[in-house]
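Note sheet for the following structure.
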Amino acid sequence: MDRGRADRSFSSGLRVASRGDLIAEIHAKQRRRVIKRAAQFVALGAALLTAGVSFKLFADRRARAAALQNARTHARSGDAADLRLAGDLLDAALVRDAENPTAAAERALLRAHLWLEFGERRDLADAAVAAAPDVVATQVAQALLAFGDGERDAAAATLEALGTIDDPLARVEATWLAAQLAIAARPDDEDALRAVLAQVDAALDDNAGNAALRRVRARLLLQLGEPNEALGELERARELARGHLGLAADEALFNAMLGRETAGVASVADQLLEVGEALPHRDRHNTLLARAVVHVRAGEITEGMARLSEAREGIPRWDRLAVRLAIETALEAGDAAAARPWLDDADLPDDELAIDHAWIRFVEGDVMAALTDLAALPQERPRVAYVQALALVEQRRFEEAEPWIRRAEELLPGRVEIEVARARVELRRGDPTVALRKLQALAEEEPFAPRAWTGLGEALLLQPEPVDLRKAKLTLERAVEREPLAAEAMLLLADIAVRRRAREPEGIRDAETWLTRAVQTQPSLPRYRERRAALLADAGHEDRARAELAELVDVPGVTGESLLRYVELSAAAGDRDVDSEALLERAETLGIEADAIARARARVKLALGGKDGVTTAQRALIELVGRSPGDVEARVLLAETFARQFDRKAAELAIRRGFPHTPDAQQGRLYLAWADIEARMGKPRIAAPRARSAWLRLLDEDRPAPELLAAAELAARMWVRQDNERIALTVTEQLTTRLPLSAEAWTIRAKTELAVNEAASARSSADRAIALDPDSARAHEIRGHCLLRFGQKDRARAAYERAVELAKGTRAEKDYRENLRRL
């Protein structure tokens, strides 16, 4: 029973155990099924995740490729707007994938180009280059920035080190930069320019619509002296990119450089400047430069210089074509101050800078210094020939100028300034009528060309008689209005006033005013100061003339005529401190003829040499008159030597022998010398009519004021001694009519009126003389005499004292003191 119970218990336990295993197995199967499903889900999730990641990577790759492609497509056009958009696209790509080296490098390249060509955002360019990896595109970008900073050698070295470039965008940019380097570094090397032109042409095969390449190709053609082809290239580029405003700016700039289509340039420039910020920074400043050129050539100097100053801010120093045009425009306008800032900042070769500095000195009027500088420069340079030709013509060295003009015509054809210079040389060395026709045509076609109107006025004055002085005057006044440095026109206007002094005596004041303006216009050129000194001497202001010449004798470029005049005036004033012999030797080396030197030496000996000097002068003058019997001045001096020796018969004979050798219209000085000799011989009855004849002849001959003053005073004195008051007064009235601005003339009239007891008139004339020249000692003396006649002893004493004060140290001081002693 116990065994049976045990068997039942075992069976029952076995059934229980079997039932538990089954449940466990069922649970295990369920767990396995769950785990399997979980694994399947995990695998599916992993597969989905992998697929998603793969898809994202693929999509990102496609997006990067699309962004790069879009950026490259826009960059290929070369337009500023497209370059900006390409840069923005690459910025967006880098936001999505900051570790995109290609995008970073190409962004650096585009930003660098945008700054270099268009002047936009250097800060963005620097940041992009700094963030880019060190790959070929980045190195080209660095070369672009280096070139823009003036480091041409570094930029060229980078390109050379890179060799052949596979990256298409970097290759295009490298080609563009190579062209800019050739234009900037080797502008005169035709082989180098043509080699880089071939590279640009090859790049255009795959980038026909690239405006940047076409723009630089046009510049290469312009640099190679093919302007029509350059403009044609710009036209083709505009057909491919109608919205590219920079191409229009280039066309305006090129035409301004070439002097073509002035009205068209002005119109295009004005339209471009109105579009505002749509016109890129550099293109705007190129447009301003083109407009400045048109302003200057239209005679609108103030507007042109304002535009030029505005343009300087945005034109890079490496842009030689633009910088060169700006400098030349300022110098053509005669504004050296405006040219200097451009020149100081210019990235130009040393010899180019030296030529420009010489040109500036020429414009400032220091012609001699300019010629000295040019002589030390390479003579084969076209602009050396150009400036040298203009400077030599300005100095009136026409024979020397001719070969330089010919060379400038060959090397720089079409320059209107050279055409004007050629016509002015023709005027002096060829046919004046032909030259006049050329200058008339030039003045009409190029009304604001430097010296065109001056040359025309000069041509009118050099035509055969009768000269139309009125027409010449109007022409020269137009030159003063239109030419920036019209000193020569002012000088010629002064000459016209001198020519008309017989009909318009007060015009002599206008002549002095014109010459003073000429001196102020070109103070470094001695020519205008010399002419003013000559005018002062001829007008009877010898002291002022001598003071002016004293400042000029050591100035480079002074003429021998001025040295001669200074010696003669100094001798007449009794100035023994002047080294006359040294000055005369210099005058001789400057081309003054031997006879003129001999006459000047004789004057010095007569004035300062005492008895021995008179004898020495006499021997030289006898020889001179023997060689040139018609030399009136030498004959008059010879007669004076005999008179100084009290051999008045020989003096009279010397004068009379001169009449057969002197034309009747030039005998006034002989009559004056003859009358003076007869007066010294105590023959007033004969001397009086002879002196009056001399006076009338000298009036007709329109002789200088000192000779008229001497003749009138002698004639009046002789007729007063003959008690013929009417003729004496008539002579002095004629004198003040001819020389109304001469204090000496009114003093002579006052003295004559006092001598014939016209004290009231004499006082009025003396007052007029003092008003014209308060420092005239002689006028104060005559006024004292007049006051004494009216019993005004105190006022007469004051007048005499003033005369003594003014005459202190002169020969007249003793006589004026005698007046005081008598009083």
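Note on naming: chains are A, B, ... as they come in the structure tokens, residues start from 1 per chain, ligands start from 1 in the order shown.
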
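With only C-alpha atoms taken into account, the protein and nucleic acid residues at most 9 Å from Glu233 of chain A (excluding it and anything under 6 positions from it in its own chain) are Arg214, Arg215, Arg217, Ala218 and Leu221 of chain A.
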
Dump as a CSV table (one decimal), in the first residue's frame, selection limited to C-alpha atoms:
chain,number,residue,atom,x,y,z
A,214,ARG,CA,36.2,90.0,-72.1
A,215,ARG,CA,36.8,93.2,-70.2
A,217,ARG,CA,40.8,91.2,-73.2
A,218,ALA,CA,39.6,94.7,-74.2
A,221,LEU,CA,43.9,95.2,-76.9

In segment 278-351 of chain A, DSSP alpha helix (DSSP H) residues written as an mmCIF file with N, CA and C atoms, in the first residue's frame:
data_model
loop_
_atom_site.group_PDB
_atom_site.id
_atom_site.type_symbol
_atom_site.label_atom_id
_atom_site.label_comp_id
_atom_site.auth_asym_id
_atom_site.auth_seq_id
_atom_site.Cartn_x
_atom_site.Cartn_y
_atom_site.Cartn_z
ATOM 1 N N HIS A 281 31.062 99.754 -57.282
ATOM 2 C CA HIS A 281 31.919 100.814 -56.735
ATOM 3 C C HIS A 281 33.014 101.241 -57.717
ATOM 4 N N ARG A 282 33.823 100.283 -58.206
ATOM 5 C CA ARG A 282 34.934 100.646 -59.098
ATOM 6 C C ARG A 282 34.415 101.203 -60.416
ATOM 7 N N ASP A 283 33.356 100.588 -60.935
ATOM 8 C CA ASP A 283 32.806 101.064 -62.202
ATOM 9 C C ASP A 283 32.254 102.476 -62.066
ATOM 10 N N ARG A 284 31.713 102.786 -60.912
ATOM 11 C CA ARG A 284 31.224 104.149 -60.682
ATOM 12 C C ARG A 284 32.374 105.151 -60.758
ATOM 13 N N HIS A 285 33.485 104.806 -60.157
ATOM 14 C CA HIS A 285 34.611 105.746 -60.148
ATOM 15 C C HIS A 285 35.291 105.829 -61.516
ATOM 16 N N ASN A 286 35.283 104.744 -62.266
ATOM 17 C CA ASN A 286 35.761 104.823 -63.651
ATOM 18 C C ASN A 286 34.857 105.739 -64.474
ATOM 19 N N THR A 287 33.560 105.666 -64.202
ATOM 20 C CA THR A 287 32.599 106.531 -64.900
ATOM 21 C C THR A 287 32.837 107.987 -64.532
ATOM 22 N N LEU A 288 33.099 108.248 -63.260
ATOM 23 C CA LEU A 288 33.416 109.622 -62.834
ATOM 24 C C LEU A 288 34.655 110.137 -63.558
ATOM 25 N N LEU A 289 35.647 109.271 -63.717
ATOM 26 C CA LEU A 289 36.864 109.666 -64.427
ATOM 27 C C LEU A 289 36.561 110.011 -65.872
ATOM 28 N N ALA A 290 35.763 109.166 -66.542
ATOM 29 C CA ALA A 290 35.395 109.446 -67.937
ATOM 30 C C ALA A 290 34.664 110.783 -68.038
ATOM 31 N N ARG A 291 33.780 111.037 -67.082
ATOM 32 C CA ARG A 291 33.032 112.318 -67.117
ATOM 33 C C ARG A 291 33.961 113.491 -66.870
ATOM 34 N N ALA A 292 34.945 113.310 -65.992
ATOM 35 C CA ALA A 292 35.916 114.381 -65.727
ATOM 36 C C ALA A 292 36.681 114.729 -66.994
ATOM 37 N N VAL A 293 37.080 113.712 -67.752
ATOM 38 C CA VAL A 293 37.814 113.945 -68.999
ATOM 39 C C VAL A 293 36.982 114.796 -69.950
ATOM 40 N N VAL A 294 35.697 114.460 -70.089
ATOM 41 C CA VAL A 294 34.824 115.206 -71.001
ATOM 42 C C VAL A 294 34.655 116.644 -70.518
ATOM 43 N N HIS A 295 34.494 116.823 -69.222
ATOM 44 C CA HIS A 295 34.384 118.186 -68.675
ATOM 45 C C HIS A 295 35.610 119.019 -69.044
ATOM 46 N N VAL A 296 36.790 118.459 -68.830
ATOM 47 C CA VAL A 296 38.025 119.206 -69.088
ATOM 48 C C VAL A 296 38.141 119.548 -70.560
ATOM 49 N N ARG A 297 37.840 118.585 -71.432
ATOM 50 C CA ARG A 297 37.972 118.845 -72.871
ATOM 51 C C ARG A 297 36.900 119.791 -73.388
ATOM 52 N N ILE A 301 36.617 123.309 -66.503
ATOM 53 C CA ILE A 301 37.737 122.860 -65.668
ATOM 54 C C ILE A 301 37.299 122.596 -64.224
ATOM 55 N N THR A 302 36.513 123.499 -63.661
ATOM 56 C CA THR A 302 36.108 123.332 -62.267
ATOM 57 C C THR A 302 35.313 122.047 -62.067
ATOM 58 N N GLU A 303 34.338 121.814 -62.966
ATOM 59 C CA GLU A 303 33.527 120.589 -62.861
ATOM 60 C C GLU A 303 34.397 119.353 -63.078
ATOM 61 N N GLY A 304 35.309 119.444 -64.044
ATOM 62 C CA GLY A 304 36.185 118.312 -64.329
ATOM 63 C C GLY A 304 37.070 117.959 -63.156
ATOM 64 N N MET A 305 37.641 118.964 -62.512
ATOM 65 C CA MET A 305 38.518 118.682 -61.377
ATOM 66 C C MET A 305 37.730 118.148 -60.180
ATOM 67 N N ALA A 306 36.479 118.591 -60.036
ATOM 68 C CA ALA A 306 35.645 118.049 -58.957
ATOM 69 C C ALA A 306 35.362 116.565 -59.186
ATOM 70 N N ARG A 307 35.014 116.209 -60.426
ATOM 71 C CA ARG A 307 34.766 114.803 -60.759
ATOM 72 C C ARG A 307 36.038 113.973 -60.584
ATOM 73 N N LEU A 308 37.156 114.551 -60.982
ATOM 74 C CA LEU A 308 38.427 113.827 -60.886
ATOM 75 C C LEU A 308 38.779 113.541 -59.431
ATOM 76 N N SER A 309 38.552 114.520 -58.590
ATOM 77 C CA SER A 309 38.822 114.328 -57.163
ATOM 78 C C SER A 309 37.916 113.253 -56.573
ATOM 79 N N GLU A 310 36.653 113.239 -57.000
ATOM 80 C CA GLU A 310 35.708 112.242 -56.516
ATOM 81 C C GLU A 310 36.095 110.845 -56.996
ATOM 82 N N ALA A 311 36.633 110.767 -58.208
ATOM 83 C CA ALA A 311 36.991 109.464 -58.781
ATOM 84 C C ALA A 311 38.184 108.834 -58.075
ATOM 85 N N ARG A 312 39.063 109.650 -57.491
ATOM 86 C CA ARG A 312 40.320 109.132 -56.939
ATOM 87 C C ARG A 312 40.100 108.137 -55.816
ATOM 88 N N ARG A 320 46.616 101.008 -64.056
ATOM 89 C CA ARG A 320 47.495 102.000 -64.680
ATOM 90 C C ARG A 320 46.807 102.819 -65.765
ATOM 91 N N LEU A 321 45.951 102.166 -66.536
ATOM 92 C CA LEU A 321 45.276 102.910 -67.599
ATOM 93 C C LEU A 321 44.441 104.046 -67.019
ATOM 94 N N ALA A 322 43.681 103.759 -65.979
ATOM 95 C CA ALA A 322 42.836 104.784 -65.368
ATOM 96 C C ALA A 322 43.676 105.847 -64.657
ATOM 97 N N VAL A 323 44.682 105.407 -63.922
ATOM 98 C CA VAL A 323 45.540 106.359 -63.206
ATOM 99 C C VAL A 323 46.281 107.260 -64.194
ATOM 100 N N ARG A 324 46.788 106.669 -65.270
ATOM 101 C CA ARG A 324 47.476 107.460 -66.280
ATOM 102 C C ARG A 324 46.533 108.505 -66.902
ATOM 103 N N LEU A 325 45.291 108.097 -67.198
ATOM 104 C CA LEU A 325 44.319 109.032 -67.766
ATOM 105 C C LEU A 325 44.011 110.157 -66.783
ATOM 106 N N ALA A 326 43.887 109.816 -65.515
ATOM 107 C CA ALA A 326 43.590 110.841 -64.506
ATOM 108 C C ALA A 326 44.719 111.870 -64.407
ATOM 109 N N ILE A 327 45.955 111.397 -64.389
ATOM 110 C CA ILE A 327 47.099 112.312 -64.293
ATOM 111 C C ILE A 327 47.149 113.224 -65.521
ATOM 112 N N GLU A 328 46.992 112.628 -66.700
ATOM 113 C CA GLU A 328 47.069 113.426 -67.929
ATOM 114 C C GLU A 328 45.918 114.426 -68.007
ATOM 115 N N THR A 329 44.747 114.032 -67.525
ATOM 116 C CA THR A 329 43.605 114.955 -67.547
ATOM 117 C C THR A 329 43.873 116.162 -66.655
ATOM 118 N N ALA A 330 44.401 115.911 -65.464
ATOM 119 C CA ALA A 330 44.714 117.022 -64.550
ATOM 120 C C ALA A 330 45.762 117.947 -65.159
ATOM 121 N N LEU A 331 46.771 117.371 -65.800
ATOM 122 C CA LEU A 331 47.839 118.187 -66.379
ATOM 123 C C LEU A 331 47.357 118.927 -67.619
ATOM 124 N N GLU A 332 46.488 118.295 -68.417
ATOM 125 C CA GLU A 332 45.917 118.999 -69.563
ATOM 126 C C GLU A 332 45.057 120.167 -69.106
ATOM 127 N N ALA A 336 48.278 121.254 -61.743
ATOM 128 C CA ALA A 336 49.327 120.380 -61.218
ATOM 129 C C ALA A 336 48.991 119.899 -59.810
ATOM 130 N N ALA A 337 48.307 120.748 -59.025
ATOM 131 C CA ALA A 337 47.946 120.353 -57.660
ATOM 132 C C ALA A 337 46.994 119.165 -57.670
ATOM 133 N N ALA A 338 46.113 119.099 -58.667
ATOM 134 C CA ALA A 338 45.187 117.957 -58.757
ATOM 135 C C ALA A 338 45.908 116.702 -59.220
ATOM 136 N N ALA A 339 46.967 116.857 -59.996
ATOM 137 C CA ALA A 339 47.703 115.692 -60.508
ATOM 138 C C ALA A 339 48.578 115.057 -59.428
ATOM 139 N N ARG A 340 49.074 115.860 -58.510
ATOM 140 C CA ARG A 340 50.046 115.335 -57.533
ATOM 141 C C ARG A 340 49.516 114.190 -56.676
ATOM 142 N N PRO A 341 48.286 114.275 -56.106
ATOM 143 C CA PRO A 341 47.813 113.145 -55.292
ATOM 144 C C PRO A 341 47.724 111.840 -56.086
ATOM 145 N N TRP A 342 47.296 111.928 -57.334
ATOM 146 C CA TRP A 342 47.257 110.731 -58.178
ATOM 147 C C TRP A 342 48.662 110.166 -58.360
ATOM 148 N N LEU A 343 49.594 111.079 -58.599
ATOM 149 C CA LEU A 343 50.968 110.662 -58.865
ATOM 150 C C LEU A 343 51.610 110.066 -57.613
ATOM 151 N N ASP A 344 51.298 110.641 -56.468
ATOM 152 C CA ASP A 344 51.870 110.138 -55.218
ATOM 153 C C ASP A 344 51.407 108.715 -54.914
ATOM 154 N N ASP A 345 50.171 108.394 -55.318
ATOM 155 C CA ASP A 345 49.622 107.067 -55.019
ATOM 156 C C ASP A 345 49.826 106.071 -56.154
ATOM 157 N N ASP A 350 59.473 103.902 -62.154
ATOM 158 C CA ASP A 350 60.172 105.126 -61.760
ATOM 159 C C ASP A 350 60.323 106.108 -62.922
ATOM 160 N N ASP A 351 60.640 105.582 -64.125
ATOM 161 C CA ASP A 351 60.831 106.514 -65.231
ATOM 162 C C ASP A 351 59.504 107.155 -65.656
#

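In this comparison, which uses only C-alpha atoms, the residue of A:Gln666, A:Thr475, A:Thr175, A:Gln388 approaching Ala375 of chain A most closely is A:Gln388.
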
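If you look at atom CA of Lys751 of chain A and atom CA of Ala639 of chain A, they are 28.0 Å away from each other.
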
Just checking: using only C-alpha atoms, which residue out of A:Glu530, A:Glu548, A:Glu380, A:Asp270 ends up closest to Ala249 of chain A? A:Asp270

Which residues are near segment 724-730 of chain A? Cut-off 8 Å, only C-alpha atoms, ignore same chain within fewer than 2 positions. Put them as a list of chain:residue names. A:Ala715, A:Ala716, A:Arg717, A:Met718, A:Trp719, A:Val720, A:Arg721, A:Gln722, A:Thr732, A:Glu733, A:Gln734, A:Arg749, A:Thr752, A:Glu753, A:Val756

Could the residues in this selection be saved with C-alpha atoms as a short mmCIF file (atom, residue, chain, number, x, y, z; two decimals), in the first residue's frame?
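Result written to part.cif:
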data_model
loop_
_atom_site.label_atom_id
_atom_site.label_comp_id
_atom_site.auth_asym_id
_atom_site.auth_seq_id
_atom_site.Cartn_x
_atom_site.Cartn_y
_atom_site.Cartn_z
CA ALA A 715 61.91 171.18 -77.82
CA ALA A 716 59.88 172.92 -75.09
CA ARG A 717 63.00 174.37 -73.49
CA MET A 718 64.33 175.68 -76.80
CA TRP A 719 61.02 177.28 -77.76
CA VAL A 720 60.69 178.87 -74.33
CA ARG A 721 64.12 180.38 -74.86
CA GLN A 722 62.85 181.65 -78.20
CA THR A 732 54.06 169.53 -73.77
CA GLU A 733 50.33 169.13 -74.34
CA GLN A 734 51.11 166.64 -77.10
CA ARG A 749 54.60 170.09 -68.80
CA THR A 752 57.23 174.47 -69.17
CA GLU A 753 54.00 176.08 -67.93
CA VAL A 756 55.90 180.77 -69.39
#

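If you look at atom CA of Gly365 of chain A and atom CA of Gly259 of chain A, they are 25.7 Å away from each other.
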
I want to know what sits within 10 Å of Asp189 of chain A, based on only C-alpha atoms, with residues of the same chain fewer than 5 positions away left out; could you give that as a JSON list (two decimals) with N, CA, C and O atoms, in the first residue's frame?
[["chain", "number", "residue", "atom", "x", "y", "z"],
["A", 182, "ALA", "N", 50.11, 91.51, -66.47],
["A", 182, "ALA", "CA", 50.84, 91.91, -67.68],
["A", 182, "ALA", "C", 50.60, 93.38, -67.99],
["A", 182, "ALA", "O", 51.52, 94.13, -68.35],
["A", 183, "ILE", "N", 49.35, 93.82, -67.85],
["A", 183, "ILE", "CA", 49.02, 95.23, -68.12],
["A", 183, "ILE", "C", 49.71, 96.14, -67.12],
["A", 183, "ILE", "O", 50.23, 97.20, -67.48],
["A", 194, "ARG", "N", 50.90, 89.92, -75.74],
["A", 194, "ARG", "CA", 50.28, 89.02, -76.74],
["A", 194, "ARG", "C", 50.22, 87.59, -76.20],
["A", 194, "ARG", "O", 49.27, 86.85, -76.49],
["A", 223, "GLN", "N", 45.90, 98.36, -74.65],
["A", 223, "GLN", "CA", 47.31, 98.52, -74.29],
["A", 223, "GLN", "C", 48.22, 98.22, -75.48],
["A", 223, "GLN", "O", 49.29, 98.81, -75.63],
["A", 224, "LEU", "N", 47.78, 97.31, -76.36],
["A", 224, "LEU", "CA", 48.57, 96.94, -77.55],
["A", 224, "LEU", "C", 48.37, 97.93, -78.70],
["A", 224, "LEU", "O", 48.91, 97.73, -79.78]]

Mind checking which residues fall within 12 Å of segment 692-699 of chain A, counting only C-alpha atoms, ignoring those fewer than 3 positions away in the same chain, and posting them as an NGL selection string? :A and (501-503 or 664-676 or 684-689 or 702-719 or 727-732 or 734-735 or 737-739)

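Atom CA of Leu213 of chain A is found 6.6 Å from atom CA of Val200 of chain A.
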
Contacts of Pro168 of chain A within 10 Å, only C-alpha atoms, excl. fewer than 2 positions in-chain, as JSON, numbers by chain: {"A": [72, 76, 137, 165, 166, 170, 171, 172, 173, 174, 203, 206, 207]}

Which residues are near Arg565 of chain A? Cut-off 12 Å, only C-alpha atoms, ignore same chain within fewer than 6 positions. Put them as a PyMOL selection string. chain A and resi 530-531+533-538+542+545-550+552-553+558-559+571-572+580+583-584+587+592+596-597+599-601+603-604

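Comparing the minimum interatomic distances between Leu563 of chain A and each of A:Arg586, A:Arg544, A:Arg817, A:Lys808, counting only C-alpha atoms, we find that A:Arg586 sits nearest.
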